[in-house]
file data-v7.csv (CSV, C-alpha atoms)
chain,number,residue,atom,x,y,z
V,6,MET,CA,0.0,0.0,0.0
V,7,ALA,CA,1.2,3.1,0.3
V,8,ARG,CA,4.4,3.0,0.4
V,9,GLY,CA,6.9,2.6,-0.1
V,10,HIS,CA,9.2,3.2,2.5
V,11,PRO,CA,14.7,8.3,1.6
V,12,MET,CA,16.0,11.3,2.3
V,13,ALA,CA,16.7,10.9,5.3
V,14,LEU,CA,11.5,7.1,1.5
V,15,PRO,CA,8.2,3.2,-0.9
V,16,CYS,CA,6.5,1.2,3.1
V,17,SER,CA,3.7,-0.6,2.9
V,18,ASN,CA,3.2,2.6,1.5
V,19,ALA,CA,6.6,4.4,0.9
V,20,GLY,CA,9.6,10.1,0.9
V,21,PRO,CA,12.4,10.9,1.6
V,22,LEU,CA,11.0,8.5,3.4
V,23,TYR,CA,10.8,5.1,4.8
V,24,GLY,CA,11.6,2.9,7.6
V,25,THR,CA,10.1,1.4,10.7
V,26,PRO,CA,9.8,3.6,13.8
V,27,HIS,CA,12.8,1.5,15.1
V,28,GLN,CA,14.8,2.1,12.0
V,29,ARG,CA,14.1,5.8,12.1
V,30,GLY,CA,15.1,5.9,15.7
V,31,THR,CA,18.3,3.9,15.5
V,32,LEU,CA,19.4,5.0,12.1
V,33,ASN,CA,18.5,8.7,12.4
V,34,MET,CA,16.3,8.7,9.4
V,35,SER,CA,15.1,12.2,8.5
V,36,THR,CA,12.2,11.3,6.4
V,37,PHE,CA,10.5,8.5,4.7
V,38,SER,CA,7.2,7.4,3.3
V,39,ARG,CA,5.2,5.6,0.6
V,40,ARG,CA,2.0,4.3,-1.1
V,41,HIS,CA,-0.3,2.8,-3.7
V,42,VAL,CA,-2.9,1.2,-5.9
V,43,LEU,CA,-5.6,1.6,-8.5
V,44,ALA,CA,-6.7,5.1,-9.5
V,45,THR,CA,-9.4,5.8,-12.0
V,46,GLY,CA,-10.1,9.5,-11.6
V,47,ALA,CA,-12.0,11.8,-14.0
V,48,ALA,CA,-9.8,13.1,-16.8
V,49,LEU,CA,-9.2,16.8,-17.0
V,50,GLY,CA,-10.5,18.2,-20.3
V,51,VAL,CA,-7.2,19.8,-21.2
V,52,GLY,CA,-5.5,19.3,-24.5
V,53,ALA,CA,-2.0,20.3,-23.4
V,54,LEU,CA,0.0,17.8,-21.4
V,55,GLY,CA,2.0,20.4,-19.4
V,56,ALA,CA,1.9,23.8,-17.9
V,57,THR,CA,1.8,26.7,-20.3
V,58,THR,CA,5.2,28.3,-20.6
V,59,THR,CA,5.2,31.8,-19.2
V,60,PRO,CA,7.0,34.4,-21.4
V,61,ALA,CA,10.4,35.1,-20.0
V,62,ALA,CA,9.7,38.8,-19.5
V,63,ALA,CA,6.8,38.1,-17.3
V,64,ALA,CA,8.2,35.1,-15.5
V,65,PRO,CA,8.7,35.4,-11.7
V,66,ALA,CA,12.3,35.1,-10.4
V,67,GLY,CA,13.6,31.6,-10.5
V,68,PHE,CA,10.9,30.3,-12.9
V,69,ARG,CA,12.0,28.7,-16.1
V,70,GLY,CA,8.8,27.1,-17.4
V,71,LYS,CA,8.1,23.7,-19.0
V,72,GLY,CA,11.2,21.9,-20.1
V,73,GLY,CA,13.4,24.8,-18.9
V,74,ARG,CA,16.2,25.3,-16.5
V,75,GLU,CA,16.2,24.5,-12.8
V,76,GLU,CA,15.1,26.7,-9.9
V,77,THR,CA,17.7,29.4,-9.3
V,78,ARG,CA,16.4,30.8,-6.0
V,79,THR,CA,18.1,29.7,-2.8
V,80,LEU,CA,16.1,28.0,-0.1
V,81,ASP,CA,16.0,31.2,1.9
V,82,GLU,CA,14.7,33.1,-1.0
V,83,LEU,CA,12.0,30.5,-1.6
V,84,TYR,CA,11.2,30.6,2.1
V,85,GLN,CA,10.5,34.3,2.0
V,86,ALA,CA,8.5,34.0,-1.1
V,87,ALA,CA,6.4,31.2,0.4
V,88,LEU,CA,5.7,33.4,3.5
V,89,ALA,CA,4.6,36.2,1.2
V,90,GLU,CA,2.3,33.7,-0.5
V,91,GLY,CA,0.6,32.8,2.8
V,92,GLY,CA,3.1,30.5,4.6
V,93,LYS,CA,1.0,27.3,4.3
V,94,LEU,CA,1.7,23.9,2.8
V,95,VAL,CA,-0.3,20.6,2.6
V,96,VAL,CA,1.5,17.4,1.6
V,97,TYR,CA,-0.1,14.0,1.1
V,98,ALA,CA,2.6,11.3,1.6
V,99,GLY,CA,2.4,7.6,1.2
V,100,GLY,CA,3.2,5.7,4.3
V,101,ASP,CA,2.1,3.1,7.0
V,102,THR,CA,1.5,5.0,10.2
V,103,PRO,CA,0.3,8.5,11.2
V,104,THR,CA,3.7,9.3,12.7
V,105,GLN,CA,5.9,7.9,9.9
V,106,GLN,CA,6.7,11.4,8.6
V,107,ASP,CA,7.2,13.1,11.9
V,108,GLY,CA,10.9,13.3,11.3
V,109,THR,CA,10.3,15.1,8.0
V,110,LYS,CA,7.9,17.5,9.6
V,111,ALA,CA,10.3,18.2,12.5
V,112,ALA,CA,13.2,18.8,10.1
V,113,PHE,CA,11.2,21.1,7.8
V,114,LYS,CA,9.8,23.0,10.8
V,115,ALA,CA,13.3,23.5,12.2
V,116,ARG,CA,14.6,24.8,8.9
V,117,PHE,CA,11.5,26.9,8.0
V,118,PRO,CA,9.7,27.6,11.3
V,119,GLU,CA,7.1,30.0,10.0
V,120,ILE,CA,5.7,27.7,7.4
V,121,ASP,CA,2.5,26.0,8.5
V,122,LEU,CA,3.1,22.5,7.2
V,123,THR,CA,0.3,19.9,7.3
V,124,LEU,CA,1.7,16.4,6.3
V,125,ILE,CA,-0.9,13.6,6.0
V,126,VAL,CA,0.3,10.0,5.8
V,127,ASP,CA,-1.9,7.2,4.3
V,128,TYR,CA,-1.5,4.3,2.1
V,129,SER,CA,-0.7,5.6,-1.4
V,130,LYS,CA,-3.5,3.5,-2.8
V,131,TYR,CA,-6.0,5.5,-0.7
V,132,HIS,CA,-4.3,8.8,-1.2
V,133,ASP,CA,-4.3,8.6,-5.0
V,134,VAL,CA,-8.0,7.9,-5.3
V,135,ARG,CA,-8.7,10.5,-2.6
V,136,VAL,CA,-6.9,13.1,-4.8
V,137,ASP,CA,-8.9,11.9,-7.9
V,138,ASN,CA,-12.2,12.4,-6.0
V,139,GLN,CA,-11.1,15.8,-4.9
V,140,PHE,CA,-10.3,16.7,-8.5
V,141,ALA,CA,-13.8,15.4,-9.5
V,142,THR,CA,-15.5,17.4,-6.8
V,143,ASP,CA,-13.4,20.5,-7.0
V,144,THR,CA,-12.3,20.1,-3.4
V,145,LEU,CA,-8.5,19.7,-3.7
V,146,VAL,CA,-6.6,19.8,-0.4
V,147,PRO,CA,-2.9,18.9,-1.0
V,148,ASP,CA,-0.3,21.1,-2.8
V,149,VAL,CA,2.2,18.2,-3.0
V,150,VAL,CA,1.7,14.5,-3.5
V,151,GLN,CA,4.5,12.0,-2.6
V,152,PHE,CA,3.4,8.4,-3.5
V,153,GLN,CA,4.4,4.9,-4.3
V,154,THR,CA,1.8,4.6,-6.9
V,155,LEU,CA,4.1,5.5,-9.8
V,156,GLN,CA,1.5,5.0,-12.5
V,157,ASP,CA,-0.6,7.9,-11.1
V,158,PHE,CA,2.1,10.4,-11.9
V,159,ASP,CA,2.2,9.5,-15.6
V,160,ARG,CA,-1.7,9.6,-15.8
V,161,TRP,CA,-1.9,12.9,-14.0
V,162,LYS,CA,0.8,14.3,-16.3
V,163,GLN,CA,-1.3,13.3,-19.3
V,164,GLN,CA,-4.4,14.9,-17.7
V,165,GLY,CA,-2.5,18.2,-17.2
V,166,ARG,CA,-2.8,17.9,-13.4
V,167,LEU,CA,0.9,18.4,-12.5
V,168,LEU,CA,3.0,21.5,-12.4
V,169,HIS,CA,6.1,21.2,-14.6
V,170,TYR,CA,8.9,22.3,-12.4
V,171,LYS,CA,12.5,21.5,-11.9
V,172,PRO,CA,13.9,22.1,-8.5
V,173,ALA,CA,17.6,22.9,-7.9
V,174,GLY,CA,19.6,19.7,-8.4
V,175,PHE,CA,17.2,18.2,-10.9
V,176,ALA,CA,20.0,17.6,-13.4
V,177,LYS,CA,21.8,15.5,-10.9
V,178,VAL,CA,18.8,13.2,-10.3
V,179,HIS,CA,19.2,9.8,-11.9
V,180,ASP,CA,17.3,9.7,-15.2
V,181,ALA,CA,15.0,6.9,-14.1
V,182,PHE,CA,13.9,9.0,-11.1
V,183,LYS,CA,12.6,12.1,-12.8
V,184,ASP,CA,10.2,13.1,-15.6
V,185,PRO,CA,12.1,14.9,-18.4
V,186,GLN,CA,9.7,17.8,-18.4
V,187,GLY,CA,9.7,18.1,-14.6
V,188,ALA,CA,6.2,16.9,-14.0
V,189,TRP,CA,7.5,14.8,-11.1
V,190,VAL,CA,10.8,13.9,-9.5
V,191,ALA,CA,11.7,11.2,-7.0
V,192,THR,CA,12.8,12.6,-3.7
V,193,GLY,CA,13.7,9.3,-2.0
V,194,ALA,CA,15.3,6.1,-3.1
V,195,ILE,CA,13.6,3.2,-1.3
V,196,ALA,CA,14.3,-0.5,-1.2
V,197,PHE,CA,12.1,-3.4,-0.1
V,198,SER,CA,13.5,-6.8,0.8
V,199,PHE,CA,13.5,-8.9,4.0
V,200,LEU,CA,15.5,-8.3,7.2
V,201,TYR,CA,16.4,-10.5,10.1
V,202,ASP,CA,17.8,-10.4,13.6
V,203,THR,CA,21.6,-10.6,13.1
V,204,ALA,CA,22.4,-12.1,16.5
V,205,THR,CA,19.9,-14.9,16.2
V,206,VAL,CA,20.8,-15.9,12.6
V,207,GLY,CA,24.5,-15.2,12.8
V,208,ALA,CA,26.5,-12.8,10.6
V,209,LYS,CA,28.7,-15.4,9.0
V,210,THR,CA,25.9,-17.1,7.1
V,211,PRO,CA,23.7,-14.4,5.6
V,212,LEU,CA,20.2,-15.6,4.7
V,213,THR,CA,18.8,-15.5,1.2
V,214,PRO,CA,15.2,-15.7,0.0
V,215,ARG,CA,15.7,-19.4,-0.5
V,216,ASP,CA,16.3,-19.9,3.2
V,217,LEU,CA,12.9,-18.4,4.1
V,218,VAL,CA,11.2,-21.7,3.4
V,219,ASP,CA,13.6,-23.7,5.6
V,220,PRO,CA,11.4,-25.5,8.2
V,221,LYS,CA,13.7,-24.2,11.0
V,222,TRP,CA,12.1,-20.7,10.5
V,223,LYS,CA,8.5,-21.9,10.7
V,224,GLY,CA,6.6,-19.7,13.1
V,225,ARG,CA,9.4,-17.1,13.2
V,226,ILE,CA,8.6,-15.0,10.2
V,227,ALA,CA,6.5,-11.8,9.9
V,228,SER,CA,5.4,-10.4,6.5
V,229,ALA,CA,3.4,-7.7,5.0
V,230,TYR,CA,0.6,-9.0,2.8
V,231,PRO,CA,1.8,-8.9,-0.8
V,232,HIS,CA,-1.7,-8.4,-2.0
V,233,ASP,CA,-2.2,-5.3,0.1
V,234,ASP,CA,0.8,-3.3,-1.0
V,235,ASP,CA,2.0,-3.1,-4.6
V,236,ALA,CA,5.7,-2.7,-3.7
V,237,VAL,CA,5.5,-5.8,-1.5
V,238,LEU,CA,3.6,-7.5,-4.3
V,239,TYR,CA,6.4,-6.8,-6.7
V,240,LEU,CA,8.9,-8.2,-4.3
V,241,PHE,CA,6.9,-11.4,-4.1
V,242,THR,CA,6.4,-11.7,-7.8
V,243,LEU,CA,10.2,-11.5,-8.1
V,244,TYR,CA,10.5,-14.4,-5.6
V,245,ALA,CA,7.9,-16.4,-7.5
V,246,ARG,CA,9.6,-15.8,-10.8
V,247,THR,CA,13.0,-16.6,-9.5
V,248,TYR,CA,12.3,-19.6,-7.2
V,249,GLY,CA,9.0,-20.9,-8.6
V,250,TRP,CA,5.5,-21.5,-7.2
V,251,ASP,CA,6.8,-24.4,-5.0
V,252,TRP,CA,8.7,-21.7,-3.1
V,253,VAL,CA,5.5,-19.8,-2.6
V,254,ALA,CA,3.7,-22.8,-1.4
V,255,ARG,CA,6.4,-23.7,1.1
V,256,PHE,CA,6.5,-20.1,2.3
V,257,ALA,CA,2.7,-20.3,2.9
V,258,ALA,CA,3.3,-23.3,5.0
V,259,GLN,CA,5.8,-21.5,7.3
V,260,ASP,CA,3.0,-20.2,9.7
V,261,VAL,CA,3.9,-16.7,8.7
V,262,GLN,CA,2.4,-13.8,10.7
V,263,PHE,CA,0.9,-11.6,7.9
V,264,ALA,CA,-0.2,-8.1,8.7
V,265,ARG,CA,-1.1,-4.8,6.9
V,266,GLY,CA,1.5,-2.1,6.6
V,267,SER,CA,5.1,-2.6,5.4
V,268,ASN,CA,6.2,-1.3,8.7
V,269,SER,CA,4.8,-4.4,10.5
V,270,PRO,CA,7.6,-6.9,9.6
V,271,GLY,CA,10.3,-4.6,10.9
V,272,ASP,CA,8.3,-3.9,14.0
V,273,ALA,CA,8.0,-7.6,14.7
V,274,VAL,CA,11.7,-8.2,14.3
V,275,PHE,CA,12.9,-5.1,16.2
V,276,GLY,CA,10.4,-5.8,18.9
V,277,GLY,CA,11.7,-9.4,19.4
V,278,GLN,CA,8.5,-11.2,18.4
V,279,LYS,CA,10.0,-12.6,15.2
V,280,THR,CA,13.4,-13.4,13.7
V,281,ILE,CA,12.6,-12.5,10.1
V,282,GLY,CA,10.5,-9.8,8.5
V,283,VAL,CA,9.6,-9.9,4.8
V,284,GLY,CA,8.3,-7.1,2.6
V,285,THR,CA,9.6,-4.1,4.4
V,286,ALA,CA,12.1,-1.2,3.9
V,287,GLY,CA,15.5,-1.3,5.5
V,288,SER,CA,19.1,-0.1,5.5
V,289,ALA,CA,22.1,-2.0,4.2
V,290,VAL,CA,24.4,0.5,5.9
V,291,SER,CA,24.6,-1.5,9.1
V,292,SER,CA,23.9,-5.1,10.1
V,293,SER,CA,23.3,-4.3,13.8
V,294,PRO,CA,20.8,-5.2,15.2
V,295,VAL,CA,19.3,-6.4,11.9
V,296,THR,CA,20.6,-7.4,8.5
V,297,PHE,CA,18.7,-6.1,5.5
V,298,ALA,CA,19.2,-8.6,2.7
V,299,VAL,CA,20.4,-7.3,-0.6
V,300,GLY,CA,22.8,-10.1,-1.5
V,301,ALA,CA,24.0,-10.4,-5.1
V,302,GLY,CA,22.2,-12.9,-7.2
V,303,HIS,CA,19.0,-12.7,-5.2
V,304,PRO,CA,16.1,-10.4,-5.9
V,305,PHE,CA,15.0,-7.4,-3.9
V,306,MET,CA,13.3,-4.3,-5.3
V,307,GLY,CA,13.9,-0.6,-5.3
V,308,TRP,CA,12.3,2.5,-6.7
V,309,GLY,CA,12.2,6.3,-6.5
V,310,GLN,CA,9.3,7.7,-4.5
V,311,ARG,CA,7.8,10.2,-6.8
V,312,THR,CA,6.8,13.7,-5.7
V,313,ALA,CA,4.9,16.3,-7.6
V,314,ILE,CA,3.3,19.7,-7.2
V,315,LEU,CA,-0.3,19.8,-8.3
V,316,LYS,CA,-1.1,22.5,-10.8
V,317,GLN,CA,-4.1,23.6,-8.8
V,318,ALA,CA,-2.0,23.9,-5.6
V,319,ARG,CA,-3.0,26.9,-3.5
V,320,ASN,CA,0.5,27.2,-2.1
V,321,SER,CA,2.7,26.6,-5.1
V,322,THR,CA,5.7,28.5,-3.8
V,323,ALA,CA,5.8,26.6,-0.5
V,324,ALA,CA,5.4,23.4,-2.5
V,325,LYS,CA,8.5,24.4,-4.6
V,326,LEU,CA,10.3,25.1,-1.3
V,327,PHE,CA,9.5,21.6,-0.1
V,328,LEU,CA,10.8,19.9,-3.3
V,329,ASN,CA,14.0,22.0,-3.3
V,330,TRP,CA,14.6,21.1,0.3
V,331,GLN,CA,13.9,17.4,-0.2
V,332,LEU,CA,16.4,17.3,-3.1
V,333,SER,CA,19.1,19.4,-1.4
V,334,LYS,CA,22.4,17.7,-0.7
V,335,GLU,CA,21.8,18.2,3.0
V,336,MET,CA,18.7,16.1,3.0
V,337,GLN,CA,19.8,13.5,0.4
V,338,ASN,CA,23.0,12.9,2.4
V,339,GLY,CA,20.8,12.2,5.5
V,340,SER,CA,19.0,9.2,3.9
V,341,PHE,CA,18.5,6.5,6.5
V,342,ASN,CA,19.3,3.7,4.1
V,343,GLY,CA,22.4,5.4,2.5
V,344,TRP,CA,20.8,5.7,-0.9
V,345,SER,CA,20.1,8.9,-2.7
V,346,VAL,CA,18.2,9.8,-5.9
V,347,ARG,CA,21.1,12.1,-6.9
V,348,THR,CA,24.1,10.9,-8.9
V,349,ASP,CA,26.5,13.3,-7.3
V,350,ILE,CA,26.1,11.8,-3.8
V,351,THR,CA,28.4,8.9,-2.9
V,352,PRO,CA,26.7,6.2,-0.8
V,353,PRO,CA,28.5,5.0,2.4
V,354,SER,CA,31.3,2.5,2.1
V,355,GLY,CA,30.2,-0.8,0.8
V,356,LEU,CA,27.1,0.5,-1.0
V,357,LYS,CA,26.5,1.3,-4.7
V,358,PRO,CA,23.8,3.6,-6.0
V,359,LEU,CA,20.5,1.8,-5.9
V,360,TRP,CA,20.2,1.7,-9.7
V,361,GLU,CA,23.6,-0.1,-10.0
V,362,TYR,CA,22.1,-3.2,-8.3
V,363,PRO,CA,20.7,-5.4,-11.1
V,364,ASN,CA,18.9,-7.5,-8.5
V,365,ALA,CA,17.0,-4.3,-7.3
V,366,HIS,CA,15.0,-4.2,-10.5
V,367,VAL,CA,14.7,-0.4,-10.4
V,368,ASP,CA,13.5,-0.3,-14.0
V,369,GLY,CA,11.0,-3.1,-13.6
V,370,PHE,CA,8.8,-1.6,-10.9
V,371,PRO,CA,7.4,1.3,-13.0
V,372,ARG,CA,6.5,-1.2,-15.7
V,373,PHE,CA,4.9,-3.5,-13.1
V,374,MET,CA,2.9,-0.6,-11.6
V,375,ALA,CA,1.6,0.4,-15.1
V,376,ASP,CA,0.1,-3.1,-15.7
V,377,ARG,CA,-3.0,-2.8,-13.4
V,378,ALA,CA,-4.7,-5.9,-14.9
V,379,GLY,CA,-1.6,-7.9,-14.3
V,380,ILE,CA,-1.3,-6.6,-10.7
V,381,GLU,CA,-4.9,-7.7,-10.0
V,382,ARG,CA,-4.1,-11.3,-11.2
V,383,TRP,CA,-1.0,-11.4,-9.0
V,384,LYS,CA,-2.9,-10.2,-6.0
V,385,GLN,CA,-5.7,-12.7,-6.3
V,386,THR,CA,-3.2,-15.5,-6.9
V,387,PHE,CA,-1.3,-14.7,-3.7
V,388,ALA,CA,-4.6,-14.4,-1.8
V,389,LEU,CA,-5.1,-18.1,-2.8
V,390,TYR,CA,-1.8,-19.0,-1.2
V,391,PHE,CA,-1.9,-16.7,1.9
V,392,GLY,CA,-5.5,-15.9,2.5
V,393,GLU,CA,-7.4,-12.7,2.3
V,394,VAL,CA,-6.1,-9.4,3.7
V,395,LYS,CA,-7.3,-8.9,7.3
V,396,GLY,CA,-7.1,-5.9,9.6
V,397,ASP,CA,-7.7,-2.2,9.7
V,398,PRO,CA,-5.3,0.1,7.7
V,399,THR,CA,-2.4,1.1,9.9
V,400,PRO,CA,-2.7,4.8,9.2
V,401,GLY,CA,-6.3,4.7,10.3
V,402,TRP,CA,-9.4,5.8,8.3
V,403,LEU,CA,-8.8,9.4,7.1
V,404,GLY,CA,-11.9,10.1,5.0
V,405,LEU,CA,-12.2,12.2,1.9
V,406,HIS,CA,-10.4,15.5,2.9
V,407,PRO,CA,-7.8,15.0,5.5
V,408,GLY,CA,-5.8,18.2,6.1
V,409,ALA,CA,-8.6,20.5,4.9
call {"tool": "encode", "arguments": {"input": "data-v7.csv", "output": "structure tokens"}}
result
Amino acid sequence: MARGHPMALPCSNAGPLYGTPHQRGTLNMSTFSRRHVLATGAALGVGALGATTTPAAAAPAGFRGKGGREETRTLDELYQAALAEGGKLVVYAGGDTPTQQDGTKAAFKARFPEIDLTLIVDYSKYHDVRVDNQFATDTLVPDVVQFQTLQDFDRWKQQGRLLHYKPAGFAKVHDAFKDPQGAWVATGAIAFSFLYDTATVGAKTPLTPRDLVDPKWKGRIASAYPHDDDAVLYLFTLYARTYGWDWVARFAAQDVQFARGSNSPGDAVFGGQKTIGVGTAGSAVSSSPVTFAVGAGHPFMGWGQRTAILKQARNSTAAKLFLNWQLSKEMQNGSFNGWSVRTDITPPSGLKPLWEYPNAHVDGFPRFMADRAGIERWKQTFALYFGEVKGDPTPGWLGLHPGA
């Protein structure tokens, strides 16, 4: 679902972004979020696919128009302009729990104390249809959307819903993590895999996905429902394609503790209830107290959590401030998992940029998310193996207009 789970991200619902509360606390994550699913909103009756280019003579400072150059104003200049605009900002972010973006809010508030920021976390698959309904009823609430449902951004771009804008540092963002015209840009690089308690398993013999079906781990595994969160779903499709349906059947026989929210597997491991957590965000920077599995030759999945400014945003300057801040080197260097969307930031020792891991399938996830019929088949197939999704959504029920 939404998510996910980096600046400091895609999650059962994955921003700069993800991580369990434990990961955020122990790894000093600044931000993280995520989320998902189907969206079939009403199309905007607009012929053009992008924002109309403002003549250079009339353009405000720092504006370069569709397909133009990056923002030239500093963060402080944007801050003052945002205050002059009204000093408010509403962000809808994909994620798993109401507090998942508290680190982001606190960091933004510390840097820009006079901006009234409202940041609402929900599964991306609920946020996106919520935004579609707000479009249809002319009741739009957010200025910025930051979701795991990658397909929505392409659709909204075609509908003319997104502001074409290139924040400072846009040219340094990896090509797969940005729209060429600036309709959206990924502000966090998120990875989903499985993690395990290092002390219990032992650091000398790292686990692989094949080991998850070993009977010795029966009753000791927690997992997010793959048919509840599209990022977790993609991870499980990679497992099924790599290891076969027999692997899936054997995993189903492991007495797995399934739950909603991609935060739940990590919570179970960090809380000492389970040894292994599957379908969650994590950090490969450190193996203490858990190991996040990204071993060569075995699949995991990564993506860029997309962020965009809505063309109808009431607070467009504050929205631009938010994007520039998220993409700043300061924030990108603070990513809890060590990965950045920028090509000019070197990951910590031992890590490569996320897109340099062939087994992360960074290019595959956007294609997967675009095939909504295929996703429905995968979901219903996994439901046959693992049972129907049970439980309330972990962010709670937020209704039609949270943040209004």
call {"tool": "closest_atom_pairs", "arguments": {"input": "data-v7.csv", "of": "range 61-166 of chain V", "to": "range 371-378 of chain V", "cutoff": "10 Å", "atoms": "all atoms listed in the file", "output": "JSON lines"}}
result
{"residue": "V:Gln153", "atom": "CA", "partner": "V:Met374", "partner_atom": "CA", "distance": 9.3}
{"residue": "V:Thr154", "atom": "CA", "partner": "V:Met374", "partner_atom": "CA", "distance": 7.1}
{"residue": "V:Leu155", "atom": "CA", "partner": "V:Pro371", "partner_atom": "CA", "distance": 6.2}
{"residue": "V:Gln156", "atom": "CA", "partner": "V:Ala375", "partner_atom": "CA", "distance": 5.3}
{"residue": "V:Asp157", "atom": "CA", "partner": "V:Ala375", "partner_atom": "CA", "distance": 8.8}
{"residue": "V:Asp159", "atom": "CA", "partner": "V:Ala375", "partner_atom": "CA", "distance": 9.1}
{"residue": "V:Arg160", "atom": "CA", "partner": "V:Ala375", "partner_atom": "CA", "distance": 9.8}
call {"tool": "axis_aligned_box", "arguments": {"input": "data-v7.csv", "around": "range 259-264 of chain V", "padding_each_side": "3 Å", "output": "AutoDock Vina command-line options"}}
result
--center_x 2.8 --center_y -14.8 --center_z 9.0 --size_x 12.0 --size_y 19.4 --size_z 9.4
call {"tool": "atom_distance", "arguments": {"input": "data-v7.csv", "atom1": "CA of Gly309 in chain V", "atom2": "CA of Ile195 in chain V"}}
result
6.2 Å
call {"tool": "atom_distance", "arguments": {"input": "data-v7.csv", "atom1": "CA of Ala365 in chain V", "atom2": "CA of Val237 in chain V"}}
result
13.0 Å
call {"tool": "residues_near_point", "arguments": {"input": "data-v7.csv", "point": "(7.3, 14.4, -11.0)", "cutoff": "8 Å", "atoms": "all atoms listed in the file", "output": "ChimeraX atom specification"}}
result
/V:158,167,169,183-184,187-191,311-314
call {"tool": "decode", "arguments": {"input": "data-v7.csv", "residues": "range 384-396 of chain V", "atoms": "N, CA, C and O atoms", "output": "PDB file, in the first residue's frame"}}
result
ATOM      1  N   LYS V 384      -2.336 -10.292  -7.320  1.00  0.00           N
ATOM      2  CA  LYS V 384      -2.937 -10.153  -5.993  1.00  0.00           C
ATOM      3  C   LYS V 384      -3.856 -11.316  -5.664  1.00  0.00           C
ATOM      4  O   LYS V 384      -3.780 -11.905  -4.572  1.00  0.00           O
ATOM      5  N   GLN V 385      -4.731 -11.643  -6.593  1.00  0.00           N
ATOM      6  CA  GLN V 385      -5.688 -12.704  -6.308  1.00  0.00           C
ATOM      7  C   GLN V 385      -5.007 -14.068  -6.223  1.00  0.00           C
ATOM      8  O   GLN V 385      -5.442 -14.936  -5.461  1.00  0.00           O
ATOM      9  N   THR V 386      -3.925 -14.239  -6.969  1.00  0.00           N
ATOM     10  CA  THR V 386      -3.181 -15.504  -6.873  1.00  0.00           C
ATOM     11  C   THR V 386      -2.531 -15.646  -5.502  1.00  0.00           C
ATOM     12  O   THR V 386      -2.608 -16.711  -4.867  1.00  0.00           O
ATOM     13  N   PHE V 387      -1.899 -14.569  -5.024  1.00  0.00           N
ATOM     14  CA  PHE V 387      -1.294 -14.650  -3.690  1.00  0.00           C
ATOM     15  C   PHE V 387      -2.347 -14.788  -2.598  1.00  0.00           C
ATOM     16  O   PHE V 387      -2.080 -15.399  -1.553  1.00  0.00           O
ATOM     17  N   ALA V 388      -3.532 -14.253  -2.824  1.00  0.00           N
ATOM     18  CA  ALA V 388      -4.612 -14.449  -1.849  1.00  0.00           C
ATOM     19  C   ALA V 388      -4.971 -15.927  -1.730  1.00  0.00           C
ATOM     20  O   ALA V 388      -5.322 -16.403  -0.645  1.00  0.00           O
ATOM     21  N   LEU V 389      -4.861 -16.661  -2.833  1.00  0.00           N
ATOM     22  CA  LEU V 389      -5.134 -18.102  -2.786  1.00  0.00           C
ATOM     23  C   LEU V 389      -4.109 -18.834  -1.914  1.00  0.00           C
ATOM     24  O   LEU V 389      -4.438 -19.819  -1.247  1.00  0.00           O
ATOM     25  N   TYR V 390      -2.882 -18.350  -1.946  1.00  0.00           N
ATOM     26  CA  TYR V 390      -1.826 -18.982  -1.157  1.00  0.00           C
ATOM     27  C   TYR V 390      -1.826 -18.522   0.304  1.00  0.00           C
ATOM     28  O   TYR V 390      -1.617 -19.321   1.214  1.00  0.00           O
ATOM     29  N   PHE V 391      -2.055 -17.234   0.525  1.00  0.00           N
ATOM     30  CA  PHE V 391      -1.851 -16.661   1.857  1.00  0.00           C
ATOM     31  C   PHE V 391      -3.136 -16.254   2.574  1.00  0.00           C
ATOM     32  O   PHE V 391      -3.086 -15.875   3.745  1.00  0.00           O
ATOM     33  N   GLY V 392      -4.269 -16.335   1.907  1.00  0.00           N
ATOM     34  CA  GLY V 392      -5.515 -15.917   2.519  1.00  0.00           C
ATOM     35  C   GLY V 392      -5.811 -14.455   2.256  1.00  0.00           C
ATOM     36  O   GLY V 392      -4.957 -13.693   1.798  1.00  0.00           O
ATOM     37  N   GLU V 393      -7.035 -14.047   2.540  1.00  0.00           N
ATOM     38  CA  GLU V 393      -7.441 -12.674   2.309  1.00  0.00           C
ATOM     39  C   GLU V 393      -6.770 -11.723   3.311  1.00  0.00           C
ATOM     40  O   GLU V 393      -6.424 -12.106   4.430  1.00  0.00           O
ATOM     41  N   VAL V 394      -6.624 -10.483   2.882  1.00  0.00           N
ATOM     42  CA  VAL V 394      -6.061  -9.442   3.746  1.00  0.00           C
ATOM     43  C   VAL V 394      -7.022  -9.185   4.905  1.00  0.00           C
ATOM     44  O   VAL V 394      -8.230  -9.041   4.714  1.00  0.00           O
ATOM     45  N   LYS V 395      -6.462  -9.116   6.110  1.00  0.00           N
ATOM     46  CA  LYS V 395      -7.264  -8.867   7.306  1.00  0.00           C
ATOM     47  C   LYS V 395      -6.660  -7.705   8.097  1.00  0.00           C
ATOM     48  O   LYS V 395      -5.449  -7.523   8.106  1.00  0.00           O
ATOM     49  N   GLY V 396      -7.530  -6.979   8.780  1.00  0.00           N
ATOM     50  CA  GLY V 396      -7.064  -5.907   9.648  1.00  0.00           C
ATOM     51  C   GLY V 396      -7.375  -4.528   9.112  1.00  0.00           C
ATOM     52  O   GLY V 396      -7.550  -4.328   7.909  1.00  0.00           O
TER      53      GLY V 396
END
